[in-house]
Structure formats: structure tokens, C-alpha cells
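Only one structure is covered here, and it is reproduced in the block below.
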Amino acid sequence: MAHDHHDHDYDHEHGSELSETQIRVRALESILTEKGYVDPAALDLLIETYEKKVGPHNGARVIAKAWSDPDFRRRLLQDATPAIATVGYAGRQGEHIVALENTPQTHHMVVCTLCSCYPWPVLGLPPVWYKSAPYRAKAVIDPRGVLKDFGVELPAETEIRVWDSTAEIRYLVVPQRPAGTEGWSEERLATLVTRDSMIGTGLPKSPGEVA
Amino acid sequence: MGPGSRSQRSLGRDDRLISPKAARFAARALPDLPQDADGPVFGEPWEAQAFAMTLALHERGLFKWPEWAAALAAEIKRAQAAGDPDTGETYYHHWLNALERLVAEKGVTDTSTLARYQHAWDHAADRTPHGEPIELSPQDFHDHD
């Protein structure tokens, strides 16, 4: 069936949206924080430990497929949204995604204001530092330094490009396939793909790390 | 995957941290909790948020796990009586209901305060341009348009 490109009738022009449930959770957290029962920073850190335990985690499958299927890779880089949908996720928060391919020459890194449409179903939960304005600013001014903070050192000749997520466009970094993974199945490759590697603040795991 | 073989990101940087170990303990205390071999799993980020808040309140000593389990069980029972299909999809909705009810019972807050903050967050979302983070500000408690 042909698919037309009419937008869904969601009104995004006049503000953001939170579901009733999200509103209830935020309200409760505000109250508990004000009363000193919870510390949002501690909650964030705990939640971050569940980074791999929230949502469908399609991103890793998308990347693994791009690594092993040249045709899919081409479609992903051309128009990521429908390509991602074929791997099984097509939801509002994952819409309008642009895939950026890392190469030996270019490393992409994404910063984000963490608005209500952060594509968590694809990328997993955002890192805590995404919320920190100074860190975001540093990512723009000194991306190499931020990468170093994350323990990632790239060759001096690799250009680092920083992308700022907007309301319209979210980015998915396609990291370079690790060496030593020849002949691996998509499923096995997916175990190497980390959240951080899909936002460009990390690299995929090496085969030795998941042995 | 043996114990300790998973390379956890360093978490020792913050003393206030709620420990993942406490979370695993909670998972054992609450057998119906959606979980895999490593511990709890969540369908959406808000579920992890609700779980983390509950863990924090437990560590603050607001309740013990048996009391929480009873509150949650009562909520699930109420929902089933009202026709909840009990597919597991709604688990964290029951969880949130139980959490709201229990903090009110403990006198931490009350339903009118909850409603006031919910209204404020709704207002904050409405006035926040799409693409920017939604944050609560004092005006959200006063504007009524």
C-alpha cells in the first residue's frame, strides 16, 4: 500500500506535550524533591544504570543491520526514518531521524536539549550529562575534550562534527564496525552497539569486551 | 556472564546515589516486577522514574518492601475488579497509583497538592516551544488560561 506523507494531526506548533502519566510522574517527583525526599541527581544516576533496560532498543539492531546489509545501510543513510521503521519501530519519538555515518575521516557527535521527543525507543535513555548546560556547551566548543572525558581518543586527523538535535531532526550515529567481527550475525553484532556509540560520545564495544 | 564481569560505568562519584544493589534487592522483594536475569526492565522511561522514586523513598525509610508490596497488590486488585486485563503492560500504572496513594497516606503530600503540581506541569508543557526541555517555573502555578 502506498504511503502518503500527510503529517499526523498532532499540533506541535504551540507547545510540547506530556502524557497524563508523564505529568503525574513529574508532579510527584517535583513534590518529593521540594520536600527533600528524593534527589533528582541521584534518581537520574540510578535510572542511567537502566539505560539498557528501557524500551525496545531498536537502535542497536538498526546499526547491526547497517553493518551487515549494504542495501539497508544505503537506505538508512538516504532516509533513516522509513529504514528504521522496517526494523520494527515506527513511533512518534523516533520520527525524522537522520543517520550520520562515522568514518576514519569523520566522527559525528550529537548534542540534544532533551525535549519531550528525544528518541529513546531507538537510542535508549539519554545520558545524564545531556541535561547539563555546561557540558552541552563544552561539547560544541571542545568536542575532542568531551570525548576524552568519556575515554575516547580519536586520531588527530579525524574531523569531529557536532550536531544539535532540533525539534524537527534527531540524529542517529552509525559507528564504524569494529575490527575482528567478520562473519558475525546481526544479533551478535548488536551486542557491540552501545547507546553512547549511537550518539557519538563513545565507540562500539570490541569483540573482546562481549566474549 | 559471571558476577562482577559486567563492566559497570563508575558510579562511585556520588555518595547520594541509590545503589543498583538496592534495586536488585527490590526486584527480589517484588516477584511480579517485570525483570530479566539482571534486574528490572521498563517499557518506557517514566516507569524507570517511578521505580527510582520508590527506591529512594524506601531508602529514606518511608516504608518497608512488604508494605509497598501490599499497597501495590491492593492497587492491582482494585484495577482487576474494574476490568484491568492484567497483561503486565499496566503494571507500572498500578505502581504509580500505589505510589501516589502511599505518599498521601504517609502525609508526605495530599491529593490536592498532587493535582496542583500536575496542572502546573501540564501548563509548563503547553508553554514550552516544541524542541525545548520542559521545566517547571513559578508562573505555571498561577496562570490559568
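Chain labels A, B, ... are given in the sequence in which chains occur in the C-alpha cells; within each chain residues are numbered consecutively from 1, and ligands are likewise numbered from 1 in the order shown.
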Chain A contacts on chain B, only C-alpha atoms, 8 Å, as an MDAnalysis selection string: chainID B and resid 11 14 16:20 40:46 48:50 52:53 56:57 60 96 100 108:109 114 117:118 121:122 125:134
Exercise: A:His108 partners within 9 Å, only C-alpha atoms, chain neighbours under 2 positions left out, as an mmCIF file with C-alpha atoms, in the first residue's frame:
data_model
loop_
_atom_site.group_PDB
_atom_site.id
_atom_site.type_symbol
_atom_site.label_atom_id
_atom_site.label_comp_id
_atom_site.auth_asym_id
_atom_site.auth_seq_id
_atom_site.Cartn_x
_atom_site.Cartn_y
_atom_site.Cartn_z
ATOM 1 C CA LEU A 100 25.240 10.022 10.280
ATOM 2 C CA GLU A 101 27.951 7.613 9.267
ATOM 3 C CA ASN A 102 31.255 7.639 11.111
ATOM 4 C CA THR A 103 34.327 7.012 9.001
ATOM 5 C CA THR A 106 34.816 11.966 10.260
ATOM 6 C CA VAL A 110 25.138 14.617 18.810
ATOM 7 C CA GLU A 159 37.398 15.544 11.989
ATOM 8 C CA ILE A 160 34.757 15.761 14.722
ATOM 9 C CA ARG A 161 31.397 17.155 13.718
ATOM 10 C CA VAL A 162 28.858 18.135 16.351
ATOM 11 C CA TRP A 163 25.149 18.044 15.586
ATOM 12 C CA VAL A 173 25.233 7.996 14.590
ATOM 13 C CA VAL A 174 26.254 4.902 12.665
ATOM 14 C CA PRO A 175 29.555 3.948 14.281
ATOM 15 C CA ILE A 199 25.184 9.475 19.934
ATOM 16 C CA GLY A 200 28.884 9.630 19.161
ATOM 17 C CA THR A 201 30.186 10.010 22.697
#
Stretch 64-75 of chain B environment, 6 Å, only C-alpha atoms, sequence neighbours closer than 3 positions dropped, as a ChimeraX atom specification: /B:78,94,98
Separation of atom CA of B:Arg28 from atom CA of B:Leu55, in Å and rounded to one decimal: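 Straight-line distance from atom CA of B:Arg28 to atom CA of B:Leu55 works out to 13.0 Å.
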In stretch 19-196 of chain A, DSSP helix (DSSP H, G or I) residues written as a PyMOL selection string: chain A and resi 20-34+40-49+51-53+58-68+70-78+80-86+92-94+120-123+128-131+133-141+143-149+186-190+195-196
Gap from atom CA of A:Val193 to atom CA of B:Tyr91 - Å, one decimal: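 It comes out at 29.2 Å.
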